[in-house]
Amino acid sequence: MSSPQGFAFVFRALPGPVPKGYRLAAALPGESGILRVCVLLTEAGVACVAREALDSTVYLGALADAGGTVHRWLELHEQGVLGPGLRAGAAPEVLNNTLMDLRWASRAERLARVPEAGVIRTGTGTGTGTRSDAGAWRVGPMVLDGARGAVPAAAGDGKPLRVCTDEAALKARDLASFAGSRHRYLIGESADAQSATLVALDPDAPRDHLCKDAAEALGLDGARRGWCLAGGLLIMAHTPLSFERYVDALSSVAGGADERSPLGSLVEAAGVGGAGGLSSSDAAAGGVGGQAFLSRRGPWGAALEVLHHKLALLLDVTEQVRASVAATQEPMLNLSAGSVRVALGTSGSALPAFWTARAVLTEPGAGAMLPVAGTRERLYVNLSNAGASIYQPSGGGATSVGYGSLRVRRVMSSPGGSVLEGTLTTQDRVRGSSRDCVWMRLPTEFGRCDLLCRVQAGSALASGEVRLVSFEHALEAGASAALKKLEGQQLHDVLFELTPMHSSPADLYALGVLAIRALLTDEHNPLSAAWDDVQTLAGQVRQLRETAARETTLAGLIAGVLKADAALAHALGPGRLVKLKVAPEQALVPMEVWSGVLALIVRCFPSAGPDSVCRDLGDAPPAAIETVLDPLASDLARTLSRVRGMLIGDPGADAELVALVESLGL
């Protein structure tokens with residue numbers, strides 16, 4: 001698998017030829033227009049993977065003309081039956097074909113409204129019966145042939161295949177439901193699902209004697225692979241600049257007359273028009289591309305402009321995350337630097353390229369609502385199987401599965417059903433909070449009984465014990481009576497699964513870490529160290545808040561901490577913004593501005609103190625979970641406006657503008 005950074009040719013100016021060692025193949029069958037959507041293949045006929053996403057594999061493609069000239073690099077997101085980033089063990093209530101198709105279509109529609117995403121509609125899909133707009137982002141199952149490109153997947157009789165959605169026939173054959181499971185089968189276009197040969201797309205799908213494996217049925221091998229077998233295909237512009245590469249380049253804007261600026265080199269490599277630096281004043285003065293608008297005013301000017309661009313990028317990311325959460329009413333839970341790419345517009349000769357930078361949220365969220373009867377709260381699970389990450393709070397929404405003993409305190413009846421209260425004892429490391437849920441399977445004389453419970457935090461319990469209260473469960477009369485008989489008993493070897501029920505505050509947390517990555521890290525201060533320093537700052541501020549006057553602002557408290565703690569002031573100072581050799585005491589950014597920047601970061605972390613936006617990781621309004629991101633967006637916009645005013649209001653910059661006007665005779 002290759003990464004976008006491995007394809008250096010995507011930074012070359014376009015239009016241009018296909019890079020040596022590669023060739024193009026049609027990504028959609030039957031295309032005969034002047035421009036075609038193509039997938040990039042190696043000489044051996046293997047499709048080039050840009051990256052793996054939550055529910056898809058992303059291939060590098062191109063918009064090419066009849067002569068094979070590349071006019072634009074594309075990303076081809078091929079929906080997976082079970083995406084490489086999805087947890088196979090997730091409950092069917094949140095991971096099934098119906099919901100995954102709706103999530104796919106919803107994400108595509110949101111990206112289509114972001115101009116920088118460059119989404120291309122295929123218009124060839126017929127859908128799978130889940131919703132009318134889902135078909136707009138679907139194509140028929142295909143085979144990608146190294147010699148011919150994409151061709152419709154066909155059965156043995158040569159007729160095209162489609163996804164089988166005949167629930168009655170699937171049930172009659174004891175096969176997996178389409179709507180209620182994650183398994184999919186292909187069937188001939190006009191075949192009878194009751195007796196036809198079906199093609200199972202995933203190896204663990206239930207089968208009967210008429211089912212075939214996809215590789216066998218479609219003759220797949222090294223140069224011939226299944227293509228969009230699940231039906232989903234999202235085509236969008238390839239954005240090769242990663243969030244981290246962009247912010248690191250911004251930090252490297254200072255280049256002398258004999259030194260090529262990394263930022264200028266990056267713009268040149270990207271083939272973007274306009275001046276190579278952050279502003280056109282460098283080009284007009286004949287300076288080295290890549291220097292900042294105020295670089296001739298010294299380190300202060302360079303740092304101020306870099307701060308402006310980084311704040312603008314963070315605001316852009318925050319607004320796109322908010323839009324995604326608002327549209328789905330589900331948190332992302334997997335936001336990281338890898339979720340964000342940076343697009344540069346064509347700037348011309350007057351507007352500098354990096355003043356056109358826009359963030360593009362390219363990865364789908366992993367949060368999914370867990371339907372639970374008997375509660376008005378919205379509970380979310382993380383569909384991602386990704387490991388621990390600094391961008392996710394402790395636990396990251398990952399589940400803990402194990403066995404334990406349950407002491408049943410009491411079983412109560414309520415209008416909505418039965419409610420069990422008990423204490424779970426386990427040797428596994430389980431630290432439950434009031435925002436966590438525990439699923440348990442209990443043996444009763446009526447049969448096994450599955451309960452979903454809320455953790456009661458704060459109870460005085462021994463180590464390894466968790467107090468639980470179940471949600472109301474509407475059970476059959478016999479099951480309810482059997483559950484009641486468990487009062488006062490201790491059940492052993494109870495299977496349980498604890499899932500942290502994080503909501504949008506977890507996305508706010510991730511945005512705080514993104515801000516730390518953009519503003520407070522360099523080669524001497526890695527992200528983990530900067531994150532730890534911010535937590536130290538938050539702890540000191542929390543202590544000061546207990547005795548400070550009520551009207552004291554968070555920024556004021558932070559300024560006081562930095563004044564008293566020289567080591568922390570150096571670690572969290574604005575010197576990380578740009579790679580310039582300056583004295584530690586030199587103020588690159590006014591303290592009243594910088595303390596405000598640190599304040600907006602601290603507020604992102606739930607329970608960091610009374611100034612935090614959220615009390616904990618589940619503290620979000622049930623019907624508007626996106627609103628927890630509004631304070632950060634407001635803080636960023638207000639700080640950005642202040643910094644922009646300092647840039648434009650600089651006397652030296654004003655003098656440059658006056659001189660330019662006078663030179664034009666205006």
# chains A, B, ... in the order shown; residues from 1 in each chain; ligands from 1

$ closest_atom_pairs --of "region 505-555 of chain A" --to "region 597-611 of chain A" --cutoff "9 Å" --atoms "only C-alpha atoms" --output "JSON lines"
{"residue": "A:Pro505", "atom": "CA", "partner": "A:Pro606", "partner_atom": "CA", "distance": 6.8}
{"residue": "A:Ala506", "atom": "CA", "partner": "A:Pro606", "partner_atom": "CA", "distance": 8.2}
{"residue": "A:Leu508", "atom": "CA", "partner": "A:Cys604", "partner_atom": "CA", "distance": 5.5}
{"residue": "A:Tyr509", "atom": "CA", "partner": "A:Phe605", "partner_atom": "CA", "distance": 5.1}
{"residue": "A:Ala510", "atom": "CA", "partner": "A:Cys604", "partner_atom": "CA", "distance": 8.3}
{"residue": "A:Leu511", "atom": "CA", "partner": "A:Cys604", "partner_atom": "CA", "distance": 7.3}
{"residue": "A:Gly512", "atom": "CA", "partner": "A:Cys604", "partner_atom": "CA", "distance": 5.2}
{"residue": "A:Val513", "atom": "CA", "partner": "A:Ile601", "partner_atom": "CA", "distance": 8.0}
{"residue": "A:Ala515", "atom": "CA", "partner": "A:Ile601", "partner_atom": "CA", "distance": 6.7}
{"residue": "A:Ile516", "atom": "CA", "partner": "A:Ile601", "partner_atom": "CA", "distance": 7.4}
{"residue": "A:Val534", "atom": "CA", "partner": "A:Val602", "partner_atom": "CA", "distance": 7.0}
{"residue": "A:Gln535", "atom": "CA", "partner": "A:Ala608", "partner_atom": "CA", "distance": 7.7}
{"residue": "A:Leu537", "atom": "CA", "partner": "A:Val602", "partner_atom": "CA", "distance": 8.2}
{"residue": "A:Ala538", "atom": "CA", "partner": "A:Ala608", "partner_atom": "CA", "distance": 6.1}
{"residue": "A:Gly539", "atom": "CA", "partner": "A:Ala608", "partner_atom": "CA", "distance": 7.1}
{"residue": "A:Val541", "atom": "CA", "partner": "A:Gly609", "partner_atom": "CA", "distance": 7.8}
{"residue": "A:Arg542", "atom": "CA", "partner": "A:Gly609", "partner_atom": "CA", "distance": 5.3}
{"residue": "A:Gln543", "atom": "CA", "partner": "A:Gly609", "partner_atom": "CA", "distance": 8.8}
{"residue": "A:Arg545", "atom": "CA", "partner": "A:Pro610", "partner_atom": "CA", "distance": 8.0}
{"residue": "A:Leu554", "atom": "CA", "partner": "A:Ala599", "partner_atom": "CA", "distance": 6.1}
{"residue": "A:Ala555", "atom": "CA", "partner": "A:Ala599", "partner_atom": "CA", "distance": 5.4}

$ select_by_dssp --residues "region 314-557 of chain A" --states "alpha helix (DSSP H)" --output "number ranges by chain"
A: 314-328, 477-484, 505-519, 527-545, 554-557

$ atom_distance --atom1 "CA of His209 (chain A)" --atom2 "CA of Gln79 (chain A)"
27.5 Å

$ residues_around --residues "region 632-644 of chain A" --least-positions-apart "4" --cutoff "7 Å" --atoms "only C-alpha atoms" --output "MDAnalysis selection string"
chainID A and resid 308 311:312 315 318:319 600 648

$ atom_distance --atom1 "CA of Ala326 (chain A)" --atom2 "CA of Leu99 (chain A)"
17.2 Å

$ residues_around --residues "region 221-234 of chain A" --least-positions-apart "6" --cutoff "6 Å" --atoms "only C-alpha atoms" --output "list in words"
Gly45, Leu76, His77, Glu78, Gln79, Val81, Arg138, Val139, Gly140, Pro141, Met142, Val143, Leu144, Asp145 and Gly146 of chain A

$ write_last_selection --atoms "N, CA, C and O atoms" --output "compact mmCIF listing (two decimals), in the first residue's frame"
# COMPACT_ATOMS: atom_id res chain seq x y z
N GLY A 45 -0.43 -3.74 -13.51
CA GLY A 45 -1.89 -3.72 -13.50
C GLY A 45 -2.50 -3.64 -12.13
O GLY A 45 -3.70 -3.88 -11.98
N LEU A 76 -10.48 8.04 -5.64
CA LEU A 76 -11.62 7.15 -5.89
C LEU A 76 -11.86 6.34 -4.61
O LEU A 76 -11.10 5.44 -4.28
N HIS A 77 -12.92 6.69 -3.89
CA HIS A 77 -13.26 6.01 -2.64
C HIS A 77 -14.19 4.84 -2.97
O HIS A 77 -15.34 5.03 -3.34
N GLU A 78 -13.66 3.65 -2.84
CA GLU A 78 -14.43 2.43 -3.13
C GLU A 78 -15.00 1.88 -1.82
O GLU A 78 -14.26 1.46 -0.94
N GLN A 79 -16.31 1.89 -1.72
CA GLN A 79 -16.96 1.41 -0.50
C GLN A 79 -16.68 -0.07 -0.30
O GLN A 79 -16.77 -0.88 -1.23
N VAL A 81 -17.38 -3.80 1.71
CA VAL A 81 -18.44 -4.55 2.39
C VAL A 81 -18.25 -4.39 3.89
O VAL A 81 -19.19 -4.12 4.63
N ARG A 138 -23.86 5.55 -6.19
CA ARG A 138 -23.62 4.12 -6.32
C ARG A 138 -23.44 3.77 -7.79
O ARG A 138 -23.99 4.42 -8.69
N VAL A 139 -22.67 2.74 -8.03
CA VAL A 139 -22.46 2.21 -9.37
C VAL A 139 -22.70 0.71 -9.31
O VAL A 139 -22.69 0.12 -8.24
N GLY A 140 -22.92 0.10 -10.45
CA GLY A 140 -23.12 -1.34 -10.46
C GLY A 140 -21.84 -2.08 -10.12
O GLY A 140 -20.73 -1.57 -10.33
N PRO A 141 -21.92 -3.29 -9.56
CA PRO A 141 -20.71 -4.08 -9.29
C PRO A 141 -19.89 -4.26 -10.55
O PRO A 141 -20.43 -4.53 -11.63
N MET A 142 -18.57 -4.10 -10.44
CA MET A 142 -17.68 -4.16 -11.60
C MET A 142 -16.46 -5.02 -11.30
O MET A 142 -16.19 -5.38 -10.15
N VAL A 143 -15.74 -5.30 -12.34
CA VAL A 143 -14.44 -5.95 -12.25
C VAL A 143 -13.43 -5.02 -12.90
O VAL A 143 -13.69 -4.47 -13.98
N LEU A 144 -12.32 -4.79 -12.23
CA LEU A 144 -11.27 -3.93 -12.77
C LEU A 144 -10.23 -4.83 -13.43
O LEU A 144 -9.49 -5.53 -12.75
N ASP A 145 -10.22 -4.79 -14.75
CA ASP A 145 -9.32 -5.61 -15.54
C ASP A 145 -8.11 -4.76 -15.93
O ASP A 145 -8.26 -3.66 -16.45
N GLY A 146 -6.92 -5.27 -15.67
CA GLY A 146 -5.71 -4.52 -15.98
C GLY A 146 -5.58 -4.15 -17.43
O GLY A 146 -4.95 -3.14 -17.77

$ residues_around --residues "region 36-43 of chain A" --least-positions-apart "3" --cutoff "10 Å" --atoms "only C-alpha atoms" --output "VMD selection string"
chain A and resid 18 to 33 46 to 49 59 to 66 68 70 72 to 76 120 122 144 146 149 to 150 223 235

$ atom_distance --atom1 "CA of Arg12 (chain A)" --atom2 "CA of Phe243 (chain A)"
19.3 Å

$ residues_around --residues "Leu186 (chain A)" --least-positions-apart "4" --cutoff "6 Å" --atoms "only C-alpha atoms" --output "list of chain:residue names"
A:Leu161, A:Arg162, A:Val163, A:Cys164, A:Leu198, A:Val199

$ closest_residue --among "A:Ser470, A:Thr57, A:Ser503, A:Ser418" --to "Asn382 (chain A)" --atoms "only C-alpha atoms"
A:Ser503

$ residues_around --residues "region 398-407 of chain A" --least-positions-apart "4" --cutoff "6 Å" --atoms "only C-alpha atoms" --output "list in words"
Gly422, Thr423, Leu424, Thr425, Thr426, Gln489, Gln490, Leu491, His492, Asp493, Val494, Leu495, Phe496, Glu497, Leu498 and Thr499 of chain A

$ select_by_dssp --residues "region 387-597 of chain A" --states "strand (DSSP E or B)" --output "PyMOL selection string"
chain A and resi 400-414+417-425+436-444+447-455+465-470+473+490-500+522+525
